[in-house]
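Source file: query.csv (CSV, C-alpha atoms (C1' of nucleotides))
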chain,number,residue,atom,x,y,z
A,1,MET,CA,-39.3,13.6,-65.1
A,2,ALA,CA,-41.6,14.3,-62.2
A,3,ASP,CA,-40.8,13.3,-58.7
A,4,ALA,CA,-41.6,9.7,-57.9
A,5,PHE,CA,-43.1,9.9,-54.4
A,6,MET,CA,-41.5,8.1,-51.5
A,7,SER,CA,-43.1,4.8,-50.5
A,8,ASP,CA,-46.0,4.6,-48.1
A,9,PHE,CA,-43.8,2.5,-45.9
A,10,ALA,CA,-41.2,5.3,-45.6
A,11,THR,CA,-43.8,7.9,-45.1
A,12,ARG,CA,-45.4,5.9,-42.3
A,13,ALA,CA,-42.0,5.5,-40.7
A,14,ILE,CA,-41.7,9.2,-40.3
A,15,ALA,CA,-45.3,9.9,-39.5
A,16,GLU,CA,-45.4,7.5,-36.5
A,17,ARG,CA,-42.1,8.7,-35.2
A,18,LEU,CA,-43.3,12.3,-35.3
A,19,PHE,CA,-46.5,11.3,-33.5
A,20,PHE,CA,-44.9,9.4,-30.7
A,21,GLY,CA,-41.9,11.7,-30.5
A,22,TYR,CA,-43.9,14.9,-30.3
A,23,ARG,CA,-46.2,13.3,-27.7
A,24,ALA,CA,-43.3,12.4,-25.4
A,25,PHE,CA,-41.7,15.8,-25.9
A,26,THR,CA,-44.9,17.7,-24.9
A,27,GLY,CA,-45.5,15.2,-22.1
A,28,ASP,CA,-42.4,16.3,-20.2
A,29,ALA,CA,-43.8,19.8,-19.9
A,30,ASP,CA,-47.4,18.8,-19.4
A,31,ARG,CA,-46.5,17.1,-16.1
A,32,VAL,CA,-44.9,20.2,-14.7
A,33,LEU,CA,-47.8,22.4,-16.0
A,34,ALA,CA,-50.4,20.1,-14.5
A,35,SER,CA,-48.8,20.6,-11.0
A,36,ARG,CA,-49.3,24.3,-11.5
A,37,GLY,CA,-52.9,24.1,-12.8
A,38,LEU,CA,-51.9,25.2,-16.2
A,39,GLY,CA,-52.1,23.6,-19.7
A,40,ARG,CA,-50.1,23.4,-22.9
A,41,ALA,CA,-51.7,26.6,-24.2
A,42,HIS,CA,-50.2,28.5,-21.3
A,43,HIS,CA,-46.8,27.0,-22.0
A,44,ARG,CA,-46.9,28.1,-25.6
A,45,ALA,CA,-47.7,31.6,-24.7
A,46,LEU,CA,-44.9,31.7,-22.0
A,47,TYR,CA,-42.5,30.2,-24.5
A,48,PHE,CA,-42.9,32.8,-27.2
A,49,ILE,CA,-43.1,35.7,-24.9
A,50,GLU,CA,-39.9,34.7,-23.2
A,51,ARG,CA,-38.3,33.9,-26.5
A,52,ALA,CA,-39.0,37.4,-27.8
A,53,GLY,CA,-38.2,39.2,-24.5
A,54,SER,CA,-41.3,41.2,-25.1
A,55,ILE,CA,-43.9,40.7,-27.8
A,56,PRO,CA,-46.9,42.6,-29.2
A,57,VAL,CA,-50.2,40.8,-28.9
A,58,HIS,CA,-50.7,40.7,-32.6
A,59,GLU,CA,-47.4,39.0,-33.2
A,60,LEU,CA,-48.1,36.4,-30.5
A,61,LEU,CA,-51.4,35.7,-32.2
A,62,ALA,CA,-49.8,35.2,-35.5
A,63,THR,CA,-47.2,32.9,-34.0
A,64,LEU,CA,-49.6,30.8,-32.2
A,65,GLY,CA,-52.1,30.7,-35.0
A,66,ILE,CA,-55.1,31.0,-32.7
A,67,THR,CA,-57.9,33.6,-32.4
A,68,LYS,CA,-57.6,36.6,-30.0
A,69,GLN,CA,-60.5,35.2,-28.0
A,70,ALA,CA,-58.6,31.9,-27.4
A,71,LEU,CA,-55.5,33.9,-26.5
A,72,THR,CA,-57.3,36.3,-24.2
A,73,ARG,CA,-58.5,33.6,-21.9
A,74,VAL,CA,-55.0,32.1,-21.7
A,75,LEU,CA,-53.4,35.5,-21.1
A,76,ARG,CA,-55.9,36.4,-18.4
A,77,GLU,CA,-55.1,33.3,-16.5
A,78,LEU,CA,-51.4,34.0,-16.8
A,79,MET,CA,-51.8,37.6,-15.7
A,80,ASP,CA,-54.0,36.5,-12.8
A,81,ALA,CA,-51.2,34.1,-11.8
A,82,ARG,CA,-48.7,37.0,-12.0
A,83,LEU,CA,-46.7,35.2,-14.7
A,84,VAL,CA,-47.3,37.7,-17.5
A,85,GLU,CA,-47.7,41.4,-17.7
A,86,ARG,CA,-49.3,43.5,-20.3
A,87,ARG,CA,-48.5,47.1,-21.0
A,88,ARG,CA,-49.1,49.5,-23.8
A,89,ASP,CA,-46.9,50.1,-26.8
A,90,PRO,CA,-45.7,53.8,-26.2
A,91,THR,CA,-45.6,54.4,-30.0
A,92,ASP,CA,-49.1,53.1,-30.5
A,93,GLY,CA,-51.4,53.1,-27.5
A,94,ARG,CA,-53.8,50.6,-29.1
A,95,ARG,CA,-51.2,47.9,-29.1
A,96,GLY,CA,-50.4,45.7,-26.2
A,97,ILE,CA,-47.0,44.5,-25.3
A,98,LEU,CA,-46.5,41.3,-23.3
A,99,THR,CA,-43.6,40.5,-21.0
A,100,LEU,CA,-42.9,37.8,-18.4
A,101,THR,CA,-42.6,38.5,-14.7
A,102,ASP,CA,-39.7,37.0,-12.8
A,103,ALA,CA,-42.0,34.1,-11.8
A,104,GLY,CA,-43.0,33.7,-15.4
A,105,ARG,CA,-39.4,33.5,-16.5
A,106,ALA,CA,-38.7,31.0,-13.8
A,107,LEU,CA,-41.6,28.8,-14.8
A,108,GLU,CA,-40.8,29.0,-18.5
A,109,LEU,CA,-37.2,27.9,-17.8
A,110,SER,CA,-38.3,25.0,-15.7
A,111,LEU,CA,-40.6,23.9,-18.5
A,112,LEU,CA,-37.8,24.1,-21.0
A,113,HIS,CA,-35.5,22.2,-18.7
A,114,ALA,CA,-38.1,19.5,-18.2
A,115,GLN,CA,-37.7,18.9,-22.0
A,116,ARG,CA,-34.0,19.3,-22.2
A,117,ALA,CA,-32.7,15.9,-21.2
A,118,ARG,CA,-34.9,14.2,-23.7
A,119,ILE,CA,-33.9,16.5,-26.5
A,120,GLU,CA,-30.3,16.3,-25.6
A,121,SER,CA,-30.2,12.5,-25.6
A,122,ALA,CA,-32.1,12.3,-28.8
A,123,LEU,CA,-29.7,14.6,-30.5
A,124,GLN,CA,-26.8,12.5,-29.2
A,125,ARG,CA,-28.4,9.5,-30.8
A,126,ALA,CA,-28.6,11.4,-34.1
A,127,GLY,CA,-24.8,11.9,-33.9
A,128,PRO,CA,-22.7,15.0,-34.4
A,129,SER,CA,-23.5,15.6,-38.1
A,130,GLY,CA,-27.0,14.3,-37.5
A,131,SER,CA,-27.9,17.3,-35.4
A,132,ALA,CA,-27.7,19.6,-38.5
A,133,ALA,CA,-29.8,17.1,-40.4
A,134,VAL,CA,-32.5,17.2,-37.7
A,135,HIS,CA,-32.6,20.9,-37.7
A,136,ALA,CA,-32.8,21.0,-41.5
A,137,PHE,CA,-35.5,18.4,-41.5
A,138,LEU,CA,-37.7,20.1,-39.0
A,139,GLU,CA,-37.2,23.5,-40.6
A,140,ALA,CA,-38.2,22.1,-44.0
A,141,LEU,CA,-41.3,20.5,-42.4
A,142,MET,CA,-42.5,23.9,-41.2
A,143,GLU,CA,-44.8,26.3,-43.1
A,144,PRO,CA,-42.6,29.0,-44.8
A,145,ASP,CA,-44.2,31.8,-42.8
A,146,ASP,CA,-43.2,30.1,-39.6
A,147,ARG,CA,-39.6,29.8,-40.6
A,148,GLU,CA,-39.2,33.5,-40.0
A,149,ARG,CA,-40.3,33.1,-36.5
A,150,ILE,CA,-37.4,30.8,-35.4
A,151,GLY,CA,-33.8,31.5,-34.5
A,152,THR,CA,-30.9,30.3,-36.6
A,153,THR,CA,-29.0,27.3,-35.3
A,154,LEU,CA,-25.4,28.3,-35.6
B,1,MET,CA,-18.2,13.7,-14.7
B,2,ALA,CA,-21.9,14.2,-15.1
B,3,ASP,CA,-23.4,15.4,-18.3
B,4,ALA,CA,-23.3,19.1,-18.7
B,5,PHE,CA,-26.7,20.0,-20.1
B,6,MET,CA,-27.0,21.5,-23.5
B,7,SER,CA,-27.6,25.2,-23.7
B,8,ASP,CA,-31.1,26.8,-23.4
B,9,PHE,CA,-30.5,28.3,-26.8
B,10,ALA,CA,-29.9,24.9,-28.4
B,11,THR,CA,-32.8,23.4,-26.5
B,12,ARG,CA,-35.1,26.2,-27.8
B,13,ALA,CA,-33.9,25.7,-31.3
B,14,ILE,CA,-35.2,22.1,-31.3
B,15,ALA,CA,-38.3,22.9,-29.2
B,16,GLU,CA,-39.6,25.5,-31.6
B,17,ARG,CA,-38.8,23.5,-34.7
B,18,LEU,CA,-40.7,20.6,-33.3
B,19,PHE,CA,-43.7,22.8,-32.5
B,20,PHE,CA,-43.9,24.5,-35.9
B,21,GLY,CA,-42.9,21.3,-37.8
B,22,TYR,CA,-45.5,19.1,-36.1
B,23,ARG,CA,-48.2,21.7,-36.6
B,24,ALA,CA,-47.5,21.8,-40.3
B,25,PHE,CA,-47.3,18.1,-40.5
B,26,THR,CA,-50.7,17.6,-38.9
B,27,GLY,CA,-52.2,20.5,-40.8
B,28,ASP,CA,-51.9,18.7,-44.1
B,29,ALA,CA,-54.2,15.9,-42.9
B,30,ASP,CA,-56.5,18.2,-40.9
B,31,ARG,CA,-57.6,19.9,-44.1
B,32,VAL,CA,-58.6,16.7,-45.7
B,33,LEU,CA,-60.3,15.5,-42.5
B,34,ALA,CA,-62.3,18.7,-42.2
B,35,SER,CA,-63.7,18.2,-45.7
B,36,ARG,CA,-65.1,14.8,-44.5
B,37,GLY,CA,-66.4,16.1,-41.2
B,38,LEU,CA,-63.7,14.2,-39.2
B,39,GLY,CA,-61.0,15.3,-36.8
B,40,ARG,CA,-57.4,14.4,-35.9
B,41,ALA,CA,-58.6,11.8,-33.4
B,42,HIS,CA,-60.3,9.9,-36.3
B,43,HIS,CA,-57.1,10.0,-38.3
B,44,ARG,CA,-55.0,8.5,-35.5
B,45,ALA,CA,-57.4,5.6,-35.1
B,46,LEU,CA,-57.5,5.0,-38.9
B,47,TYR,CA,-53.8,5.2,-39.0
B,48,PHE,CA,-53.0,2.6,-36.4
B,49,ILE,CA,-55.8,0.2,-37.5
B,50,GLU,CA,-54.5,0.3,-41.1
B,51,ARG,CA,-50.9,0.0,-39.9
B,52,ALA,CA,-51.7,-3.2,-38.0
B,53,GLY,CA,-54.0,-4.7,-40.7
B,54,SER,CA,-56.4,-5.5,-37.8
B,55,ILE,CA,-55.9,-4.6,-34.2
B,56,PRO,CA,-57.6,-5.5,-30.8
B,57,VAL,CA,-59.3,-2.6,-29.1
B,58,HIS,CA,-57.1,-2.9,-26.1
B,59,GLU,CA,-54.0,-2.5,-28.2
B,60,LEU,CA,-55.3,0.5,-30.0
B,61,LEU,CA,-56.1,2.0,-26.6
B,62,ALA,CA,-52.6,1.5,-25.4
B,63,THR,CA,-51.1,2.9,-28.6
B,64,LEU,CA,-53.3,6.0,-28.6
B,65,GLY,CA,-52.9,6.5,-24.9
B,66,ILE,CA,-56.5,7.6,-24.4
B,67,THR,CA,-59.4,6.2,-22.4
B,68,LYS,CA,-61.9,3.7,-23.8
B,69,GLN,CA,-64.6,6.3,-23.5
B,70,ALA,CA,-62.7,8.7,-25.7
B,71,LEU,CA,-62.0,6.0,-28.2
B,72,THR,CA,-65.5,4.6,-28.2
B,73,ARG,CA,-66.9,7.9,-29.4
B,74,VAL,CA,-64.4,8.1,-32.2
B,75,LEU,CA,-64.9,4.5,-33.2
B,76,ARG,CA,-68.7,4.9,-33.3
B,77,GLU,CA,-68.4,7.8,-35.7
B,78,LEU,CA,-66.0,5.8,-37.9
B,79,MET,CA,-68.3,2.8,-37.9
B,80,ASP,CA,-71.3,4.9,-38.6
B,81,ALA,CA,-69.4,6.3,-41.6
B,82,ARG,CA,-68.6,2.7,-42.7
B,83,LEU,CA,-64.8,3.4,-42.5
B,84,VAL,CA,-64.2,0.9,-39.6
B,85,GLU,CA,-65.6,-2.5,-38.7
B,86,ARG,CA,-65.6,-4.3,-35.4
B,87,ARG,CA,-65.8,-8.0,-35.0
B,88,ARG,CA,-65.1,-10.4,-32.2
B,89,ASP,CA,-61.9,-12.1,-31.4
B,90,PRO,CA,-62.7,-15.8,-32.1
B,91,THR,CA,-60.3,-16.9,-29.4
B,92,ASP,CA,-61.7,-14.6,-26.8
B,93,GLY,CA,-65.3,-13.4,-27.4
B,94,ARG,CA,-64.9,-10.5,-25.0
B,95,ARG,CA,-62.3,-8.8,-27.2
B,96,GLY,CA,-63.0,-6.7,-30.2
B,97,ILE,CA,-61.0,-6.6,-33.3
B,98,LEU,CA,-60.9,-3.6,-35.5
B,99,THR,CA,-60.4,-3.5,-39.3
B,100,LEU,CA,-60.8,-0.8,-42.0
B,101,THR,CA,-63.3,-1.1,-44.8
B,102,ASP,CA,-62.3,-0.4,-48.3
B,103,ALA,CA,-63.5,3.1,-47.9
B,104,GLY,CA,-61.5,3.4,-44.6
B,105,ARG,CA,-58.3,2.2,-46.3
B,106,ALA,CA,-58.9,4.7,-49.1
B,107,LEU,CA,-59.3,7.6,-46.7
B,108,GLU,CA,-56.3,6.6,-44.6
B,109,LEU,CA,-54.2,6.4,-47.7
B,110,SER,CA,-55.4,9.8,-48.9
B,111,LEU,CA,-54.5,11.3,-45.5
B,112,LEU,CA,-51.0,9.7,-45.6
B,113,HIS,CA,-50.5,11.1,-49.1
B,114,ALA,CA,-51.6,14.5,-48.0
B,115,GLN,CA,-48.6,14.4,-45.7
B,116,ARG,CA,-46.2,12.7,-48.0
B,117,ALA,CA,-44.9,15.6,-50.1
B,118,ARG,CA,-44.0,17.6,-47.0
B,119,ILE,CA,-42.2,14.7,-45.4
B,120,GLU,CA,-40.4,13.8,-48.6
B,121,SER,CA,-39.0,17.3,-49.2
B,122,ALA,CA,-38.0,17.6,-45.5
B,123,LEU,CA,-36.1,14.4,-45.7
B,124,GLN,CA,-34.4,15.6,-48.9
B,125,ARG,CA,-33.3,18.7,-47.1
B,126,ALA,CA,-31.8,16.6,-44.4
B,127,GLY,CA,-29.7,14.8,-47.0
B,128,PRO,CA,-29.1,11.1,-47.7
B,129,SER,CA,-27.2,10.4,-44.4
B,130,GLY,CA,-29.4,12.8,-42.6
B,131,SER,CA,-32.5,10.6,-43.0
B,132,ALA,CA,-31.0,8.0,-40.7
B,133,ALA,CA,-30.2,10.7,-38.2
B,134,VAL,CA,-33.8,12.0,-38.3
B,135,HIS,CA,-35.2,8.5,-37.7
B,136,ALA,CA,-32.7,8.0,-34.8
B,137,PHE,CA,-33.5,11.4,-33.3
B,138,LEU,CA,-37.3,10.9,-33.4
B,139,GLU,CA,-37.0,7.4,-32.0
B,140,ALA,CA,-34.9,8.5,-29.2
B,141,LEU,CA,-37.4,11.2,-28.4
B,142,MET,CA,-40.2,8.7,-27.9
B,143,GLU,CA,-41.2,6.9,-24.7
B,144,PRO,CA,-39.5,3.5,-24.6
B,145,ASP,CA,-42.8,1.7,-24.5
B,146,ASP,CA,-43.8,3.3,-27.8
B,147,ARG,CA,-40.7,2.2,-29.5
B,148,GLU,CA,-42.1,-1.3,-29.7
B,149,ARG,CA,-45.1,0.1,-31.6
B,150,ILE,CA,-43.2,1.4,-34.6
B,151,GLY,CA,-41.8,-0.4,-37.6
B,152,THR,CA,-38.1,-0.6,-38.2
B,153,THR,CA,-36.6,1.7,-40.8
B,154,LEU,CA,-34.0,-0.5,-42.5
C,1,DA,C1',-71.1,-25.6,-11.7
C,2,DT,C1',-70.8,-21.4,-10.2
C,3,DA,C1',-68.5,-17.2,-8.6
C,4,DA,C1',-65.3,-13.8,-9.8
C,5,DA,C1',-62.6,-11.4,-13.0
C,6,DT,C1',-62.1,-9.4,-17.6
C,7,DG,C1',-63.1,-6.7,-21.6
C,8,DC,C1',-66.0,-4.1,-23.4
C,9,DG,C1',-69.9,-0.5,-24.6
C,10,DT,C1',-72.4,3.2,-22.9
C,11,DC,C1',-74.4,7.1,-20.2
C,12,DA,C1',-73.6,11.3,-17.7
C,13,DG,C1',-71.1,15.2,-16.5
C,14,DC,C1',-67.0,17.8,-16.6
C,15,DC,C1',-62.6,20.2,-18.4
C,16,DA,C1',-59.2,22.4,-21.8
C,17,DT,C1',-58.7,24.5,-25.9
C,18,DG,C1',-60.2,25.9,-29.9
C,19,DT,C1',-64.0,28.4,-33.0
C,20,DT,C1',-67.6,32.5,-34.7
C,21,DG,C1',-70.1,36.4,-34.1
C,22,DA,C1',-71.1,40.7,-31.9
C,23,DC,C1',-70.2,44.8,-29.3
C,24,DG,C1',-67.7,48.6,-27.0
C,25,DT,C1',-63.5,51.3,-26.1
C,26,DT,C1',-59.4,53.5,-26.9
C,27,DT,C1',-56.3,55.3,-30.1
C,28,DC,C1',-54.4,56.4,-34.4
C,29,DT,C1',-54.9,58.2,-39.2
C,30,DA,C1',-56.7,60.4,-43.3
D,1,DT,C1',-63.5,65.1,-37.0
D,2,DA,C1',-64.9,60.8,-39.1
D,3,DG,C1',-63.4,56.3,-39.8
D,4,DA,C1',-60.3,52.6,-39.2
D,5,DA,C1',-57.5,49.8,-36.3
D,6,DA,C1',-56.3,47.1,-32.3
D,7,DC,C1',-57.9,45.3,-28.7
D,8,DG,C1',-60.7,43.1,-24.7
D,9,DT,C1',-64.8,40.9,-23.6
D,10,DC,C1',-69.2,38.2,-23.7
D,11,DA,C1',-71.8,34.4,-25.4
D,12,DA,C1',-72.6,30.2,-27.6
D,13,DC,C1',-70.6,26.2,-29.5
D,14,DA,C1',-67.3,22.1,-31.3
D,15,DT,C1',-63.7,18.8,-30.4
D,16,DG,C1',-61.4,15.7,-27.9
D,17,DG,C1',-59.9,14.6,-23.8
D,18,DC,C1',-61.2,13.0,-18.6
D,19,DT,C1',-63.6,10.3,-14.4
D,20,DG,C1',-67.2,7.6,-12.4
D,21,DA,C1',-70.7,4.3,-12.7
D,22,DC,C1',-73.3,0.7,-14.7
D,23,DG,C1',-74.5,-3.4,-17.4
D,24,DC,C1',-73.5,-7.3,-20.2
D,25,DA,C1',-71.1,-11.1,-22.3
D,26,DT,C1',-67.5,-14.1,-21.8
D,27,DT,C1',-63.6,-16.3,-19.7
D,28,DT,C1',-61.1,-18.1,-15.8
D,29,DA,C1',-60.6,-19.8,-11.3
D,30,DT,C1',-62.4,-22.3,-7.5

How does this structure look as structure tokens?
Amino acid sequence: MADAFMSDFATRAIAERLFFGYRAFTGDADRVLASRGLGRAHHRALYFIERAGSIPVHELLATLGITKQALTRVLRELMDARLVERRRDPTDGRRGILTLTDAGRALELSLLHAQRARIESALQRAGPSGSAAVHAFLEALMEPDDRERIGTTL
Amino acid sequence: MADAFMSDFATRAIAERLFFGYRAFTGDADRVLASRGLGRAHHRALYFIERAGSIPVHELLATLGITKQALTRVLRELMDARLVERRRDPTDGRRGILTLTDAGRALELSLLHAQRARIESALQRAGPSGSAAVHAFLEALMEPDDRERIGTTL
DNA sequence: ATAAATGCGTCAGCCATGTTGACGTTTCTA
DNA sequence: TAGAAACGTCAACATGGCTGACGCATTTAT
């Protein structure tokens, strides 16, 4: 027998919690970013560069899922602010490699920490075994391609 | 003793899962919306009008957290498309009350259903007891004010 | 009764972040 | 050595936010 879908009621319960939850989560960082004259797009770039240590431009593009034109503008602002550096890939001079400066790392960390307390208390509310469930839920929500872009929990 | 913060590693694990998970979740509806010439802003308005049955303009503004100018543009497009109707509050003629037309309800439901399969399978991956943990986590993530705007899970 | 406050709706202009399309340059590869 | 690949950039445009200002109908307070 085919899967009988979950109720609209149960679907809405998750949909609205995701909406409000995600908005609050991003809001924490947005306030810090605004004080530096940056936006959420800058945060995402900083995050994934830091996360990888250094990252080729094409990989950052694939991760963010935006066009190179959209990324170029963001990167230029980040490089002008001395938060990001671009150098060439020694094995293929066409490719660019992005890294954070010390200032970039410091900012990225302060953005992460702006979100930390909220995440921590939410995980506590989920309970000890609930944390694994939350990870599993969010991972299952993602597009399969993106699953390869995240770290394991363990 | 004060709370020792969770590790950056654990914080990132949640942050990136939220980013990719939320993007996939909204993407399902975005594809349907694009085929109708509408955007995510229209979806949010449709969602919260439907959810309430009918809703005063000021309450929708508070829920969405945008300015009346931003909402007015969205509402006008929705009313032009005969998806939303505005009438006056009989007890206070200054206030507007918003409801969905039959076509609006049909579209809202099709958007919800576009997201249903992903949500359902993600909840299954979280497991039976995990579902409660997911609800609790997302609720705890939200701003306190917004918690009053959602339905209970039971 | 009337003055002030409230709740809109709208116009105008701006910003942030995305999109396409086109073009040029450097660098690798066949 | 020709062509493909990987950018970087310019231009024009869409979406969905914002602020400020104005006008109007309606309610509330004096």

Using all atoms listed in the file, which residue out of B:Gly93, B:Ala4, B:Ser54, B:Leu111 lies closest to B:Asp30? B:Leu111

For C:DT25, work out the shell of residues within 12 Å, counting only C-alpha atoms (C1' of nucleotides) and skipping chain neighbours fewer than 5 positions away, then give it as a ChimeraX atom specification. /A:94 /D:5-9

Counting all atoms listed in the file, which residues from chain D have an atom at most 7 Å from any atom of chain B, and could you show them as a PyMOL selection string? chain D and resi 17+25-26

Contact residues around stretch 12-19 of chain A with only C-alpha atoms (C1' of nucleotides) at 7 Å, ignoring same-chain residues under 3 positions, as number ranges by chain: A: 8-9, 22-23; B: 138-139, 150-151, 153

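Restricting the calculation to only C-alpha atoms, the smallest distance between chain B and any of A:Thr72, A:Ile49, A:Gly104, A:Leu64 is found for A:Leu64.
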
Give me the residues of chain A that have any atom at most 8 Å from an atom of chain B; for each, the nearest atom pair and the distance in Å, rounded to one decimal. Use only C-alpha atoms, sort by chain and number, and format it as a Markdown table.
| residue | atom | partner | partner_atom | distance |
| --- | --- | --- | --- | --- |
| A:Phe5 | CA | B:Ala117 | CA | 7.4 |
| A:Met6 | CA | B:Glu120 | CA | 6.5 |
| A:Asp8 | CA | B:Leu112 | CA | 7.6 |
| A:Ala10 | CA | B:Thr153 | CA | 7.6 |
| A:Thr11 | CA | B:Arg116 | CA | 6.1 |
| A:Arg12 | CA | B:Leu112 | CA | 7.5 |
| A:Ala13 | CA | B:Thr153 | CA | 6.6 |
| A:Ile14 | CA | B:His135 | CA | 7.0 |
| A:Glu16 | CA | B:Ile150 | CA | 6.8 |
| A:Arg17 | CA | B:Leu138 | CA | 5.6 |
| A:Leu18 | CA | B:Leu138 | CA | 6.4 |
| A:Phe20 | CA | B:Met142 | CA | 5.5 |
| A:Gly21 | CA | B:Met142 | CA | 4.3 |
| A:Tyr22 | CA | B:Leu18 | CA | 7.2 |
| A:Arg23 | CA | B:Met142 | CA | 7.6 |
| A:Ala24 | CA | B:Met142 | CA | 5.4 |
| A:Phe25 | CA | B:Leu141 | CA | 6.8 |
| A:Leu112 | CA | B:Thr11 | CA | 7.5 |
| A:His113 | CA | B:Asp8 | CA | 7.9 |
| A:Arg116 | CA | B:Thr11 | CA | 6.1 |
| A:Ala117 | CA | B:Phe5 | CA | 7.3 |
| A:Arg118 | CA | B:Leu141 | CA | 6.1 |
| A:Ile119 | CA | B:Leu141 | CA | 6.6 |
| A:Glu120 | CA | B:Met6 | CA | 6.5 |
| A:Ser121 | CA | B:Ala140 | CA | 7.1 |
| A:Ala122 | CA | B:Ala140 | CA | 4.7 |
| A:Leu123 | CA | B:Phe137 | CA | 5.7 |
| A:Gln124 | CA | B:Phe137 | CA | 7.9 |
| A:Arg125 | CA | B:Phe137 | CA | 6.0 |
| A:Ala126 | CA | B:Ala133 | CA | 4.5 |
| A:Gly127 | CA | B:Ala133 | CA | 7.0 |
| A:Ser129 | CA | B:Gly130 | CA | 7.9 |
| A:Gly130 | CA | B:Ala133 | CA | 4.9 |
| A:Ser131 | CA | B:Ala133 | CA | 7.5 |
| A:Ala132 | CA | B:Ala126 | CA | 7.8 |
| A:Ala133 | CA | B:Ala126 | CA | 4.5 |
| A:Val134 | CA | B:Val134 | CA | 5.4 |
| A:His135 | CA | B:Ile14 | CA | 7.0 |
| A:Ala136 | CA | B:Ala126 | CA | 5.4 |
| A:Phe137 | CA | B:Ala122 | CA | 4.8 |
| A:Leu138 | CA | B:Gly21 | CA | 5.5 |
| A:Glu139 | CA | B:Arg17 | CA | 6.1 |
| A:Ala140 | CA | B:Ala122 | CA | 4.7 |
| A:Leu141 | CA | B:Gly21 | CA | 4.9 |
| A:Met142 | CA | B:Gly21 | CA | 4.3 |
| A:Glu143 | CA | B:Ala24 | CA | 5.9 |
| A:Asp146 | CA | B:Phe20 | CA | 6.7 |
| A:Ile150 | CA | B:Glu16 | CA | 6.9 |
| A:Gly151 | CA | B:Ala13 | CA | 6.6 |
| A:Thr152 | CA | B:Ala13 | CA | 7.6 |
| A:Thr153 | CA | B:Ala13 | CA | 6.5 |

Using all atoms listed in the file, I'd like every residue of chain C that has an atom within 9 Å of chain A; please write them out as a PyMOL selection string. chain C and resi 16-19+26-28

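Taking atom C1' of C:DT20 and atom CA of B:Leu107 as endpoints, the distance between them is 28.9 Å.
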
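Picture a line from atom C1' of C:DT10 to atom C1' of D:DT19; it runs 14.1 Å.
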
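Residue nearest C:DC14, chosen from D:DT15, D:DG3, D:DC10, D:DG20 and counting only C-alpha atoms (C1' of nucleotides): D:DG20.
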
Work out how far atom CA of A:Glu148 is from atom CA of A:Ile55, in Å to one decimal. 14.9 Å

Surrounding residues of D:DA29 excluding itself and chain neighbours under 6 positions, 10 Å, only C-alpha atoms (C1' of nucleotides), as a VMD selection string: chain C and resid 3 to 5

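Proximity to D:DG23 at 12 Å, evaluated using all atoms listed in the file and with sequence-adjacent residues fewer than 3 positions away removed, yields DC8, DG9, DT10 and DC11 of chain C.
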
Taking (-65.8, 2.8, -35.1) in the file's coordinates as the center, which residues reach within 10 Å of it, counting only C-alpha atoms (C1' of nucleotides), put as an MDAnalysis selection string? chainID B and resid 42 45:46 71:86 98:100
